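J.: So here's model.cif, just mmCIF, N, CA and C atoms:
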```cif
data_input
loop_
_atom_site.label_atom_id
_atom_site.label_comp_id
_atom_site.auth_asym_id
_atom_site.auth_seq_id
_atom_site.Cartn_x
_atom_site.Cartn_y
_atom_site.Cartn_z
N MET A 1 18.20 -17.69 70.03
CA MET A 1 17.59 -16.37 70.19
C MET A 1 16.09 -16.51 70.02
N ASN A 2 15.38 -15.41 69.98
CA ASN A 2 13.93 -15.49 69.84
C ASN A 2 13.52 -15.12 68.44
N ASN A 3 12.26 -15.27 68.13
CA ASN A 3 11.77 -14.91 66.82
C ASN A 3 10.84 -13.71 66.89
N TYR A 4 11.00 -12.87 67.88
CA TYR A 4 10.17 -11.68 68.04
C TYR A 4 10.87 -10.48 67.45
N ARG A 5 10.10 -9.51 67.09
CA ARG A 5 10.65 -8.33 66.44
C ARG A 5 11.59 -7.57 67.36
N ASN A 6 12.72 -7.16 66.82
CA ASN A 6 13.69 -6.41 67.60
C ASN A 6 13.16 -5.06 68.06
N ASP A 7 12.17 -4.50 67.36
CA ASP A 7 11.66 -3.20 67.80
C ASP A 7 10.83 -3.32 69.07
N HIS A 8 10.57 -4.53 69.53
CA HIS A 8 9.88 -4.74 70.81
C HIS A 8 10.86 -4.97 71.95
N LYS A 9 12.15 -4.99 71.63
CA LYS A 9 13.14 -5.19 72.68
C LYS A 9 13.27 -3.94 73.52
N GLU A 10 13.22 -4.11 74.84
CA GLU A 10 13.38 -2.98 75.74
C GLU A 10 14.85 -2.59 75.78
N LEU A 11 15.12 -1.33 75.56
CA LEU A 11 16.49 -0.85 75.52
C LEU A 11 16.81 0.09 76.68
N THR A 12 15.92 0.16 77.66
CA THR A 12 16.15 1.02 78.80
C THR A 12 17.40 0.58 79.54
N PRO A 13 18.36 1.47 79.73
CA PRO A 13 19.57 1.06 80.47
C PRO A 13 19.24 0.73 81.92
N ILE A 14 19.83 -0.32 82.42
CA ILE A 14 19.62 -0.73 83.80
C ILE A 14 20.80 -0.22 84.61
N LYS A 15 20.49 0.55 85.63
CA LYS A 15 21.53 1.10 86.50
C LYS A 15 21.48 0.34 87.82
N TYR A 16 22.45 -0.54 88.01
CA TYR A 16 22.49 -1.34 89.22
C TYR A 16 23.16 -0.55 90.33
N SER A 17 22.52 -0.55 91.47
CA SER A 17 23.09 0.10 92.65
C SER A 17 22.91 -0.87 93.80
N ALA A 18 22.50 -0.38 94.94
CA ALA A 18 22.26 -1.26 96.08
C ALA A 18 21.15 -2.26 95.78
N THR A 19 20.23 -1.89 94.89
CA THR A 19 19.14 -2.77 94.52
C THR A 19 18.86 -2.64 93.02
N ALA A 20 18.41 -3.68 92.41
CA ALA A 20 18.08 -3.67 90.98
C ALA A 20 16.57 -3.77 90.81
N ILE A 21 15.85 -2.97 91.55
CA ILE A 21 14.39 -3.03 91.54
C ILE A 21 13.82 -1.77 90.91
N LYS A 22 12.90 -1.95 89.97
CA LYS A 22 12.18 -0.84 89.37
C LYS A 22 10.75 -0.91 89.91
N VAL A 23 10.28 0.16 90.51
CA VAL A 23 8.93 0.19 91.07
C VAL A 23 8.05 1.05 90.18
N LEU A 24 6.93 0.49 89.75
CA LEU A 24 5.97 1.22 88.94
C LEU A 24 4.66 1.30 89.70
N HIS A 25 4.03 2.46 89.67
CA HIS A 25 2.74 2.66 90.33
C HIS A 25 1.68 2.97 89.28
N PHE A 26 0.55 2.27 89.35
CA PHE A 26 -0.54 2.49 88.42
C PHE A 26 -1.84 2.63 89.19
N GLU A 27 -2.53 3.70 88.96
CA GLU A 27 -3.87 3.90 89.51
C GLU A 27 -4.75 4.28 88.33
N ARG A 28 -5.14 3.26 87.58
CA ARG A 28 -5.84 3.50 86.33
C ARG A 28 -7.09 2.63 86.28
N PRO A 29 -8.04 3.02 85.43
CA PRO A 29 -9.28 2.23 85.29
C PRO A 29 -9.01 0.87 84.65
N SER A 30 -10.03 0.03 84.65
CA SER A 30 -9.92 -1.31 84.07
C SER A 30 -9.48 -1.28 82.62
N HIS A 31 -8.73 -2.28 82.24
CA HIS A 31 -8.24 -2.50 80.88
C HIS A 31 -7.34 -1.37 80.39
N HIS A 32 -6.64 -0.75 81.29
CA HIS A 32 -5.67 0.27 80.91
C HIS A 32 -4.29 -0.34 80.77
N ARG A 33 -3.61 -0.04 79.69
CA ARG A 33 -2.27 -0.59 79.46
C ARG A 33 -1.27 0.03 80.44
N CYS A 34 -0.59 -0.81 81.19
CA CYS A 34 0.42 -0.36 82.13
C CYS A 34 1.80 -0.35 81.47
N PHE A 35 2.07 -1.37 80.67
CA PHE A 35 3.30 -1.38 79.87
C PHE A 35 3.06 -2.20 78.62
N ARG A 36 3.62 -1.72 77.50
CA ARG A 36 3.40 -2.33 76.19
C ARG A 36 4.19 -3.63 76.06
N PHE A 37 3.84 -4.40 75.02
CA PHE A 37 4.59 -5.62 74.73
C PHE A 37 6.06 -5.28 74.55
N HIS A 38 6.91 -6.02 75.20
CA HIS A 38 8.35 -5.85 75.07
C HIS A 38 9.02 -7.12 75.57
N TRP A 39 10.30 -7.23 75.33
CA TRP A 39 11.09 -8.35 75.84
C TRP A 39 12.49 -7.81 76.09
N HIS A 40 13.28 -8.58 76.84
CA HIS A 40 14.65 -8.18 77.11
C HIS A 40 15.53 -9.39 77.33
N ASP A 41 16.82 -9.14 77.45
CA ASP A 41 17.79 -10.22 77.61
C ASP A 41 17.93 -10.72 79.04
N ARG A 42 17.23 -10.14 79.97
CA ARG A 42 17.32 -10.51 81.39
C ARG A 42 15.97 -11.02 81.88
N ILE A 43 15.97 -11.64 83.04
CA ILE A 43 14.70 -12.07 83.63
C ILE A 43 13.99 -10.85 84.19
N GLU A 44 12.71 -11.02 84.41
CA GLU A 44 11.94 -9.98 85.09
C GLU A 44 11.03 -10.66 86.10
N LEU A 45 10.98 -10.12 87.28
CA LEU A 45 10.05 -10.56 88.31
C LEU A 45 9.03 -9.45 88.49
N ILE A 46 7.77 -9.81 88.35
CA ILE A 46 6.69 -8.83 88.50
C ILE A 46 5.89 -9.20 89.74
N ARG A 47 5.79 -8.27 90.67
CA ARG A 47 5.04 -8.49 91.90
C ARG A 47 4.00 -7.39 92.06
N VAL A 48 2.80 -7.78 92.41
CA VAL A 48 1.71 -6.83 92.62
C VAL A 48 1.64 -6.52 94.11
N HIS A 49 1.77 -5.26 94.42
CA HIS A 49 1.71 -4.84 95.82
C HIS A 49 0.27 -4.70 96.29
N GLU A 50 -0.57 -4.15 95.43
CA GLU A 50 -1.97 -3.92 95.81
C GLU A 50 -2.82 -3.94 94.54
N GLY A 51 -4.01 -4.48 94.63
CA GLY A 51 -4.89 -4.54 93.47
C GLY A 51 -4.62 -5.78 92.63
N GLY A 52 -4.68 -5.62 91.30
CA GLY A 52 -4.46 -6.74 90.40
C GLY A 52 -3.92 -6.28 89.07
N LEU A 53 -3.33 -7.21 88.33
CA LEU A 53 -2.71 -6.88 87.06
C LEU A 53 -2.77 -8.11 86.14
N TYR A 54 -3.24 -7.91 84.91
CA TYR A 54 -3.20 -8.96 83.89
C TYR A 54 -1.85 -8.87 83.19
N ILE A 55 -1.22 -10.02 82.97
CA ILE A 55 0.06 -10.07 82.26
C ILE A 55 -0.07 -11.09 81.12
N ASN A 56 0.13 -10.62 79.88
CA ASN A 56 0.31 -11.53 78.75
C ASN A 56 1.80 -11.81 78.68
N HIS A 57 2.18 -13.07 78.73
CA HIS A 57 3.59 -13.45 78.65
C HIS A 57 3.70 -14.71 77.82
N GLY A 58 4.47 -14.58 76.72
CA GLY A 58 4.55 -15.70 75.80
C GLY A 58 3.17 -15.98 75.23
N THR A 59 2.68 -17.19 75.42
CA THR A 59 1.35 -17.56 74.94
C THR A 59 0.34 -17.65 76.08
N GLN A 60 0.70 -17.16 77.25
CA GLN A 60 -0.16 -17.28 78.43
C GLN A 60 -0.70 -15.93 78.88
N LEU A 61 -1.81 -15.99 79.59
CA LEU A 61 -2.39 -14.82 80.26
C LEU A 61 -2.50 -15.17 81.74
N SER A 62 -1.94 -14.32 82.59
CA SER A 62 -2.02 -14.54 84.04
C SER A 62 -2.64 -13.32 84.69
N TYR A 63 -3.36 -13.55 85.76
CA TYR A 63 -3.88 -12.45 86.56
C TYR A 63 -3.19 -12.53 87.92
N LEU A 64 -2.46 -11.48 88.26
CA LEU A 64 -1.76 -11.43 89.54
C LEU A 64 -2.55 -10.59 90.51
N LYS A 65 -2.73 -11.12 91.71
CA LYS A 65 -3.39 -10.40 92.79
C LYS A 65 -2.35 -9.89 93.77
N SER A 66 -2.78 -9.07 94.66
CA SER A 66 -1.90 -8.49 95.66
C SER A 66 -1.03 -9.56 96.32
N GLY A 67 0.29 -9.33 96.33
CA GLY A 67 1.24 -10.25 96.95
C GLY A 67 1.76 -11.34 96.04
N GLU A 68 1.19 -11.50 94.84
CA GLU A 68 1.64 -12.56 93.93
C GLU A 68 2.80 -12.08 93.06
N LEU A 69 3.59 -13.06 92.60
CA LEU A 69 4.81 -12.80 91.85
C LEU A 69 4.79 -13.62 90.57
N LEU A 70 5.28 -13.04 89.48
CA LEU A 70 5.39 -13.74 88.22
C LEU A 70 6.83 -13.65 87.72
N TYR A 71 7.40 -14.78 87.35
CA TYR A 71 8.73 -14.85 86.76
C TYR A 71 8.59 -14.83 85.25
N VAL A 72 9.24 -13.89 84.59
CA VAL A 72 9.25 -13.82 83.13
C VAL A 72 10.67 -14.10 82.66
N PRO A 73 10.89 -15.21 81.97
CA PRO A 73 12.25 -15.55 81.50
C PRO A 73 12.75 -14.57 80.45
N PRO A 74 14.05 -14.56 80.19
CA PRO A 74 14.60 -13.72 79.12
C PRO A 74 13.98 -14.07 77.77
N HIS A 75 13.85 -13.09 76.91
CA HIS A 75 13.38 -13.26 75.53
C HIS A 75 11.91 -13.62 75.41
N VAL A 76 11.14 -13.49 76.49
CA VAL A 76 9.70 -13.76 76.43
C VAL A 76 8.96 -12.42 76.39
N PRO A 77 8.23 -12.15 75.30
CA PRO A 77 7.49 -10.90 75.24
C PRO A 77 6.39 -10.88 76.28
N HIS A 78 6.15 -9.70 76.86
CA HIS A 78 5.14 -9.58 77.89
C HIS A 78 4.61 -8.15 77.94
N ARG A 79 3.37 -8.02 78.42
CA ARG A 79 2.74 -6.73 78.60
C ARG A 79 1.81 -6.83 79.80
N GLY A 80 1.45 -5.68 80.36
CA GLY A 80 0.57 -5.69 81.52
C GLY A 80 -0.52 -4.65 81.40
N TYR A 81 -1.69 -4.99 81.95
CA TYR A 81 -2.80 -4.04 81.97
C TYR A 81 -3.68 -4.34 83.18
N THR A 82 -4.39 -3.28 83.60
CA THR A 82 -5.26 -3.41 84.77
C THR A 82 -6.54 -4.12 84.42
#
```
Can you dump the structure from the file as structure tokens?
T.:
Amino acid sequence: MNNYRNDHKELTPIKYSATAIKVLHFERPSHHRCFRFHWHDRIELIRVHEGGLYINHGTQLSYLKSGELLYVPPHVPHRGYT
């Protein structure tokens, strides 16, 4: 298991249907938090459609540009900001 606090675990129920994709839209100024630090038991793929997004994941910081994809393994805390 991981050594991260359980209160950071995302508990949002996932409703699988024809697709298991969650789309988030952000039109915010620089350095605005898009989603707080959290982790979950499943993988997450983060893709930027337009603009850019900083992602802290584990001990790394990545900047994703339009069209780029980031794989976040299970149990890895991550957050995103513009």
J.: Neighbours of Leu53 of chain A within 5 Å (only N, CA and C atoms; same-chain residues fewer than 3 positions away dropped), as a PyMOL selection string?
T.: chain A and resi 63-64+81-82
J.: Restricting the calculation to only C-alpha atoms: of A:Lys65, A:His75, A:Lys22, A:His57, which residue gets closest to Trp39 of chain A?
T.: A:His75
J.: Report, in Å with one decimal, the straight-line distance from atom C of Ser66 of chain A to atom CA of Val48 of chain A.
T.: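 It comes out at 5.4 Å.
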J.: With the PyMOL selection byres ((chain A and resi 78) around 6) as the selection, what would be picked from this file? Answer as a list in words, please.
T.: Arg36, Phe37, His38, Trp39, Asn56, His57, Gly58, Val76, Pro77, Arg79 and Gly80 of chain A
J.: In Å, how far is it from atom C of Leu69 of chain A to atom C of Glu27 of chain A?
T.: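 A separation of 20.4 Å between them.
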J.: What do you get, as a PyMOL selection string, if you spell out every residue that the PyMOL selection byres (((chain A and resi 74 and name CA) around 8) and name CA) selects here?
T.: chain A and resi 39-44+72-73+75-76
J.: Let me see the file: selected residues, N, CA and C atoms, as a short mmCIF file (atom, residue, chain, number, x, y, z; two decimals), in the coordinates of the input.
T.:
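Writing the result to again_4.cif gives the following:
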```cif
data_model
loop_
_atom_site.label_atom_id
_atom_site.label_comp_id
_atom_site.auth_asym_id
_atom_site.auth_seq_id
_atom_site.Cartn_x
_atom_site.Cartn_y
_atom_site.Cartn_z
N TRP A 39 10.30 -7.23 75.33
CA TRP A 39 11.09 -8.35 75.84
C TRP A 39 12.49 -7.81 76.09
N HIS A 40 13.28 -8.58 76.84
CA HIS A 40 14.65 -8.18 77.11
C HIS A 40 15.53 -9.39 77.33
N ASP A 41 16.82 -9.14 77.45
CA ASP A 41 17.79 -10.22 77.61
C ASP A 41 17.93 -10.72 79.04
N ARG A 42 17.23 -10.14 79.97
CA ARG A 42 17.32 -10.51 81.39
C ARG A 42 15.97 -11.02 81.88
N ILE A 43 15.97 -11.64 83.04
CA ILE A 43 14.70 -12.07 83.63
C ILE A 43 13.99 -10.85 84.19
N GLU A 44 12.71 -11.02 84.41
CA GLU A 44 11.94 -9.98 85.09
C GLU A 44 11.03 -10.66 86.10
N VAL A 72 9.24 -13.89 84.59
CA VAL A 72 9.25 -13.82 83.13
C VAL A 72 10.67 -14.10 82.66
N PRO A 73 10.89 -15.21 81.97
CA PRO A 73 12.25 -15.55 81.50
C PRO A 73 12.75 -14.57 80.45
N HIS A 75 13.85 -13.09 76.91
CA HIS A 75 13.38 -13.26 75.53
C HIS A 75 11.91 -13.62 75.41
N VAL A 76 11.14 -13.49 76.49
CA VAL A 76 9.70 -13.76 76.43
C VAL A 76 8.96 -12.42 76.39
#
```
J.: Could you write out as a ChimeraX atom specification the residues that the PyMOL selection byres (((chain A and resi 49 and name CA) around 8) and name CA) matches in the shown file?
T.: /A:47-48,50-51,66-68
J.: If I take atom C of Ser62 of chain A and atom N of Ser30 of chain A, how far is one from the other in Å, to one decimal?
T.: 15.3 Å
